[in-house]
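Participant: As input, take protein_4.txt (compact mmCIF, C-alpha atoms):
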# COMPACT_ATOMS: atom_id res chain seq x y z
CA MET H 1 -11.74 -2.46 -12.52
CA ILE H 2 -14.37 -1.84 -15.24
CA LYS H 3 -16.48 -4.54 -16.81
CA VAL H 4 -19.09 -3.78 -19.49
CA ARG H 5 -21.34 -6.47 -20.90
CA ASN H 6 -23.78 -6.15 -23.83
CA LEU H 7 -24.13 -2.41 -23.18
CA LYS H 8 -26.79 -0.84 -25.38
CA LYS H 9 -28.17 2.67 -25.55
CA GLU H 10 -30.96 4.02 -27.72
CA PHE H 11 -32.60 7.43 -27.80
CA ILE H 12 -36.26 7.94 -28.63
CA GLN H 13 -37.54 11.13 -30.23
CA GLY H 14 -41.18 10.95 -31.23
CA GLN H 15 -41.57 7.82 -33.33
CA GLU H 16 -37.89 7.63 -34.16
CA ARG H 17 -35.48 5.33 -32.30
CA THR H 18 -31.74 5.80 -32.64
CA GLN H 19 -29.49 3.03 -31.37
CA VAL H 20 -26.16 4.62 -30.46
CA LEU H 21 -24.51 1.68 -28.68
CA LYS H 22 -25.29 -1.76 -30.08
CA GLY H 23 -23.91 -4.19 -27.52
CA ILE H 24 -20.52 -3.24 -26.07
CA ASP H 25 -18.31 -5.77 -24.27
CA LEU H 26 -15.27 -4.25 -22.63
CA ASN H 27 -12.79 -4.81 -19.80
CA VAL H 28 -10.47 -2.13 -18.41
CA GLU H 29 -7.89 -3.20 -15.84
CA GLU H 30 -6.84 -1.17 -12.81
CA GLY H 31 -4.13 1.34 -13.72
CA GLU H 32 -4.76 1.22 -17.47
CA PHE H 33 -4.73 4.37 -19.60
CA VAL H 34 -7.18 3.71 -22.44
CA ALA H 35 -7.99 5.95 -25.40
CA VAL H 36 -11.35 5.62 -27.16
CA MET H 37 -11.35 6.76 -30.79
CA GLY H 38 -13.77 6.71 -33.68
CA PRO H 39 -15.69 8.89 -36.14
CA SER H 40 -18.15 11.50 -34.88
CA GLY H 41 -21.44 9.90 -33.91
CA SER H 42 -19.91 6.47 -33.26
CA GLY H 43 -20.97 6.46 -29.59
CA LYS H 44 -17.73 7.39 -27.80
CA SER H 45 -19.10 10.16 -25.58
CA THR H 46 -22.26 8.17 -24.90
CA LEU H 47 -20.12 5.30 -23.63
CA LEU H 48 -18.22 7.68 -21.35
CA GLN H 49 -21.46 9.06 -19.89
CA LEU H 50 -22.70 5.52 -19.17
CA LEU H 51 -19.39 4.48 -17.61
CA GLY H 52 -19.57 7.51 -15.32
CA GLY H 53 -23.18 6.96 -14.33
CA LEU H 54 -24.33 10.24 -15.89
CA ASP H 55 -26.86 8.22 -17.88
CA ILE H 56 -28.18 4.66 -17.75
CA PRO H 57 -28.16 2.18 -20.63
CA THR H 58 -31.16 0.72 -22.38
CA GLU H 59 -29.72 -2.72 -21.73
CA GLY H 60 -26.59 -4.39 -20.34
CA GLU H 61 -24.26 -4.28 -17.34
CA ASN H 62 -21.84 -1.56 -16.28
CA LEU H 63 -19.68 -2.52 -13.30
CA ILE H 64 -16.91 -0.58 -11.55
CA ASN H 65 -15.13 -2.66 -8.92
CA GLN H 66 -18.13 -5.03 -9.04
CA ASN H 67 -20.56 -2.17 -8.31
CA ASN H 68 -23.37 -2.18 -10.88
CA LEU H 69 -24.21 1.46 -11.62
CA ASN H 70 -27.33 0.46 -13.55
CA THR H 71 -29.09 -0.94 -10.49
CA MET H 72 -28.38 2.11 -8.30
CA SER H 73 -30.86 4.88 -7.60
CA GLU H 74 -30.02 8.35 -8.91
CA LYS H 75 -28.94 9.41 -5.43
CA GLU H 76 -26.72 6.34 -5.04
CA ARG H 77 -25.11 7.00 -8.44
CA THR H 78 -24.46 10.63 -7.48
CA ILE H 79 -22.70 9.59 -4.27
CA PHE H 80 -20.76 6.86 -6.10
CA ARG H 81 -19.61 9.32 -8.78
CA ARG H 82 -18.46 11.83 -6.19
CA LYS H 83 -16.37 9.23 -4.35
CA TYR H 84 -14.97 7.06 -7.11
CA ILE H 85 -15.14 8.83 -10.50
CA GLY H 86 -13.44 11.98 -11.75
CA PHE H 87 -14.53 13.78 -14.92
CA ILE H 88 -12.54 16.03 -17.25
CA PHE H 89 -14.76 17.74 -19.80
CA GLN H 90 -13.75 19.32 -23.11
CA ASN H 91 -15.35 22.65 -22.15
CA TYR H 92 -13.87 22.46 -18.62
CA GLN H 93 -17.22 23.21 -16.86
CA LEU H 94 -15.61 25.44 -14.25
CA LEU H 95 -17.57 27.96 -12.19
CA PRO H 96 -16.24 31.22 -13.71
CA THR H 97 -16.84 33.47 -10.70
CA LEU H 98 -14.99 31.15 -8.32
CA THR H 99 -11.23 31.11 -7.87
CA VAL H 100 -8.95 28.28 -8.93
CA GLU H 101 -8.78 27.03 -5.35
CA GLU H 102 -12.57 27.20 -4.92
CA ASN H 103 -13.23 25.31 -8.16
CA ILE H 104 -10.85 22.54 -7.14
CA ALA H 105 -12.39 22.32 -3.68
CA PHE H 106 -15.97 22.26 -4.98
CA PRO H 107 -16.39 18.43 -4.92
CA ILE H 108 -15.15 18.37 -1.32
CA HIS H 109 -17.64 21.08 -0.33
CA ALA H 110 -20.36 18.92 -1.88
CA ASP H 111 -19.41 16.16 0.56
CA GLY H 112 -19.17 18.59 3.46
CA SER H 113 -15.69 17.27 4.29
CA LEU H 114 -13.32 20.23 3.76
CA THR H 115 -10.74 19.85 6.54
CA ARG H 116 -7.33 21.39 7.20
CA GLU H 117 -5.76 18.21 5.84
CA LYS H 118 -7.87 18.45 2.68
CA ASN H 119 -6.85 22.09 2.25
CA LYS H 120 -3.23 20.97 2.37
CA GLU H 121 -3.96 18.36 -0.31
CA ILE H 122 -5.56 21.02 -2.51
CA TYR H 123 -2.42 23.19 -2.33
CA GLU H 124 -0.23 20.18 -3.11
CA LEU H 125 -2.45 19.30 -6.06
CA MET H 126 -2.35 22.89 -7.37
CA ASN H 127 1.42 22.73 -7.19
CA SER H 128 1.58 19.39 -9.02
CA VAL H 129 -0.47 20.73 -11.97
CA GLY H 130 1.40 24.05 -12.15
CA LEU H 131 -1.23 26.29 -10.53
CA LYS H 132 0.58 27.15 -7.28
CA GLU H 133 0.60 30.90 -7.93
CA LEU H 134 -2.93 31.08 -9.34
CA GLY H 135 -5.03 29.82 -6.41
CA ARG H 136 -6.79 33.14 -5.82
CA LYS H 137 -7.37 33.94 -9.50
CA ARG H 138 -10.91 33.66 -10.88
CA ALA H 139 -11.44 30.87 -13.41
CA SER H 140 -12.83 33.31 -16.00
CA LEU H 141 -9.42 35.04 -16.18
CA LEU H 142 -7.43 31.90 -16.99
CA SER H 143 -6.12 30.70 -20.33
CA GLY H 144 -7.52 27.53 -21.89
CA GLY H 145 -4.55 25.47 -20.77
CA GLN H 146 -4.80 26.81 -17.22
CA GLN H 147 -8.54 26.08 -17.10
CA GLN H 148 -7.91 22.51 -18.20
CA ARG H 149 -5.32 22.14 -15.42
CA VAL H 150 -7.94 23.31 -12.92
CA ALA H 151 -10.39 20.76 -14.38
CA ILE H 152 -7.82 17.99 -13.94
CA ALA H 153 -7.07 19.02 -10.35
CA ARG H 154 -10.80 19.17 -9.56
CA ALA H 155 -11.27 15.70 -11.06
CA LEU H 156 -8.45 14.29 -8.91
CA VAL H 157 -9.13 16.04 -5.60
CA ASN H 158 -11.20 13.17 -4.18
CA HIS H 159 -8.66 10.54 -5.33
CA PRO H 160 -11.13 8.85 -7.71
CA THR H 161 -10.71 5.24 -8.70
CA VAL H 162 -11.46 6.07 -12.34
CA LEU H 163 -10.76 9.22 -14.35
CA LEU H 164 -12.97 9.81 -17.41
CA ALA H 165 -11.83 12.45 -19.92
CA ASP H 166 -13.89 13.63 -22.91
CA GLU H 167 -11.64 15.32 -25.50
CA PRO H 168 -9.47 16.86 -22.74
CA THR H 169 -7.14 18.52 -25.27
CA GLY H 170 -9.70 19.36 -27.95
CA ASN H 171 -9.52 23.13 -27.34
CA LEU H 172 -5.75 23.34 -26.84
CA ASP H 173 -2.79 23.87 -29.15
CA ARG H 174 -0.22 21.10 -29.46
CA ASN H 175 2.17 22.43 -26.81
CA LYS H 176 -0.59 22.88 -24.21
CA ALA H 177 -2.11 19.53 -25.18
CA GLU H 178 1.23 17.80 -24.59
CA GLU H 179 1.48 19.40 -21.13
CA ILE H 180 -2.02 18.22 -20.17
CA LEU H 181 -1.44 14.70 -21.51
CA GLY H 182 1.87 14.59 -19.65
CA LEU H 183 0.05 15.44 -16.42
CA MET H 184 -2.53 12.71 -17.00
CA SER H 185 0.24 10.20 -17.71
CA LYS H 186 2.04 11.28 -14.53
CA PHE H 187 -1.00 10.58 -12.35
CA ASN H 188 -1.58 7.32 -14.20
CA ARG H 189 1.96 6.17 -13.44
CA GLU H 190 2.43 7.55 -9.94
CA SER H 191 -1.06 6.95 -8.53
CA ASN H 192 -2.06 3.94 -10.64
CA GLN H 193 -4.95 6.06 -11.89
CA THR H 194 -7.29 4.23 -14.26
CA ILE H 195 -8.00 6.60 -17.18
CA ILE H 196 -10.44 6.33 -20.08
CA MET H 197 -10.05 9.17 -22.57
CA VAL H 198 -12.23 9.92 -25.59
CA THR H 199 -10.23 11.67 -28.30
CA HIS H 200 -10.06 12.34 -32.04
CA ASP H 201 -6.34 13.09 -31.84
CA ILE H 202 -3.84 10.36 -32.73
CA PHE H 203 -1.15 12.32 -30.88
CA ALA H 204 -3.24 12.24 -27.68
CA ALA H 205 -4.04 8.54 -28.13
CA GLY H 206 -0.31 7.85 -28.23
CA PHE H 207 -0.12 8.56 -24.48
CA ALA H 208 -2.50 5.67 -23.74
CA ASN H 209 -1.53 2.04 -23.17
CA ARG H 210 -4.37 0.79 -25.33
CA ILE H 211 -6.65 2.21 -28.01
CA ILE H 212 -10.27 1.18 -28.47
CA LEU H 213 -11.56 1.93 -31.96
CA PHE H 214 -15.31 2.57 -32.19
CA LYS H 215 -17.41 2.33 -35.31
CA ASP H 216 -21.21 2.42 -35.70
CA GLY H 217 -21.87 1.81 -32.01
CA VAL H 218 -19.63 -1.23 -31.60
CA VAL H 219 -15.99 -1.90 -30.72
CA ASP H 220 -14.21 -2.38 -34.05
CA GLN H 221 -10.65 -3.00 -32.87
CA LEU H 222 -8.44 -3.02 -29.75
CA ILE H 223 -4.86 -1.87 -30.34
CA SER H 224 -1.91 -1.92 -27.95
CA ARG H 225 0.57 0.95 -28.00
CA LYS H 226 3.25 -1.74 -28.31
CA ASP H 227 2.03 -2.37 -31.86
CA GLU H 228 4.55 -0.57 -34.07
CA ASP H 229 1.91 0.14 -36.75
CA TYR H 230 -0.76 1.47 -34.39
CA ALA H 231 -0.47 5.13 -35.55
CA LYS H 232 -0.75 4.15 -39.21
CA TYR H 233 -3.71 1.86 -38.52
CA VAL H 234 -5.56 4.47 -36.48
CA ALA H 235 -4.95 7.14 -39.14
CA ASN H 236 -6.47 4.88 -41.79
CA PHE H 237 -9.37 4.01 -39.52
CA MET H 238 -10.16 7.67 -38.80
CA ALA H 239 -9.88 8.78 -42.44
Please re-express this file's structure in structure tokens.
Facilitator:
Amino acid sequence: MIKVRNLKKEFIQGQERTQVLKGIDLNVEEGEFVAVMGPSGSGKSTLLQLLGGLDIPTEGENLINQNNLNTMSEKERTIFRRKYIGFIFQNYQLLPTLTVEENIAFPIHADGSLTREKNKEIYELMNSVGLKELGRKRASLLSGGQQQRVAIARALVNHPTVLLADEPTGNLDRNKAEEILGLMSKFNRESNQTIIMVTHDIFAAGFANRIILFKDGVVDQLISRKDEDYAKYVANFMA
């Protein structure tokens, strides 16, 4: 599903060059739920932006279903993202003056393909994430947990091949976080959704099938959830 080879990213500010990613090699299979963890500044969010085509690397390959995002034009990447990639952001990035239903439908409007059948799908999706009674409510009036549910529904409305989540539970308490993670796991299981989630939370990482530990711009370790000592190892790594 996702193949990354020798992925590097550096930022230039004046005479100063900062290398954030220093040559990442990574494979993610279809239907995997992967958590990416590591200290602040280790390159996790930068990797997510590159995987989603929001930025391009300094060097290396980034392929999704054998499509190389790095060789696409900006317009081609935009179209590819809209069709195949869903994003869940930590700060939700909803349009506050629009209703729940309008926020979820926004990616479809962008494609100009809002049909009666799509409207039915939107209602079904709202129901599946617990927003059935809130469709006409403005996003600015929702709680944090409700806003994150809207963000998840919006990310899934076009049935993306890959779902990328950047600290999706970072602003939520434990109970709300567990609800959101449960929803993500549900779509992963039932729709074979491929998910890559950046998180600092060991609890959140426990919902993933595999954990990728980042350190100083490189992959330090890969850990399977089947490893009985994974929580202890990750806690020591993050300390």
Participant: Can you check which parts of segment 148-230 of chain H lie within 12 Å of segment 12-21 of chain H? Per residue, the shortest pair of atoms and distance in Å to one decimal, counting only C-alpha atoms, sorted by chain and number, as CSV.
Facilitator:
residue,atom,partner,partner_atom,distance
H:Phe214,CA,H:Leu21,CA,9.9
H:Lys215,CA,H:Leu21,CA,9.7
H:Asp216,CA,H:Val20,CA,7.5
H:Gly217,CA,H:Leu21,CA,4.3
H:Val218,CA,H:Leu21,CA,6.4
H:Val219,CA,H:Leu21,CA,9.5
Participant: Given the choices H:Pro160, H:Gly170, H:Gly38, H:Gly23, which gets closest to Ser191 of chain H if the distance is worked out from all atoms listed in the file?
Facilitator: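 Ranking H:Pro160, H:Gly170, H:Gly38, H:Gly23 by distance to Ser191 of chain H, first place goes to H:Pro160.
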Participant: Excluding segment 172-189 of chain H and any residue of its chain fewer than 3 positions from it, enumerate the residues within 12 Å of it, using only C-alpha atoms, and give them as a ChimeraX atom specification.
Facilitator: /H:30-35,88,90-92,125-130,143-153,155-157,159-165,167-169,192-197,199,201-209
Participant: As number ranges by chain, please: the residues near Lys44 of chain H (cut-off 7 Å, only C-alpha atoms, same-chain neighbours under 4 positions excluded).
Facilitator: H: 36, 48, 198, 214
Participant: Using only C-alpha atoms, determine which residues lie at most 8 Å from Ile64 of chain H, disregarding the query and same-chain residues fewer than 5 positions distant; provide the list as a list in words.
Facilitator: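 After dropping sequence-adjacent residues, the list is Met1, Ile2, Lys3 and Leu69 of chain H.
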Participant: What is the distance between atom CA of Val4 of chain H and atom CA of Ala110 of chain H, in Å to one decimal?
Facilitator: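 Rounded to one decimal, the two atoms are 28.8 Å apart.
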Participant: So which residues touch Pro57 of chain H within 8 Å, counting only C-alpha atoms, skipping near sequence neighbours fewer than 6 positions away, as a list in words?
Facilitator: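 Here the qualifying residues turn out to be Leu7, Lys8, Lys9, Glu10, Leu50 and Asn70 of chain H.
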Participant: Would you list the contacts of Asn6 of chain H as a PyMOL selection string, taking every protein, DNA or RNA residue within 7 Å and counting all atoms listed in the file, but skipping same-chain residues closer than 6 positions in sequence?
Facilitator: chain H and resi 23-25+60-61
Participant: Quick one: distance from atom CA of Leu47 of chain H to atom CA of Arg154 of chain H in Å, one decimal?
Facilitator: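 The value is 21.8 Å.
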Participant: Which one is closest to Gly86 of chain H: H:Asn67, H:Ser73, H:Asn158, H:Gln49? Count only C-alpha atoms.
Facilitator: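 Among the listed residues, the smallest separation from Gly86 of chain H belongs to H:Asn158.
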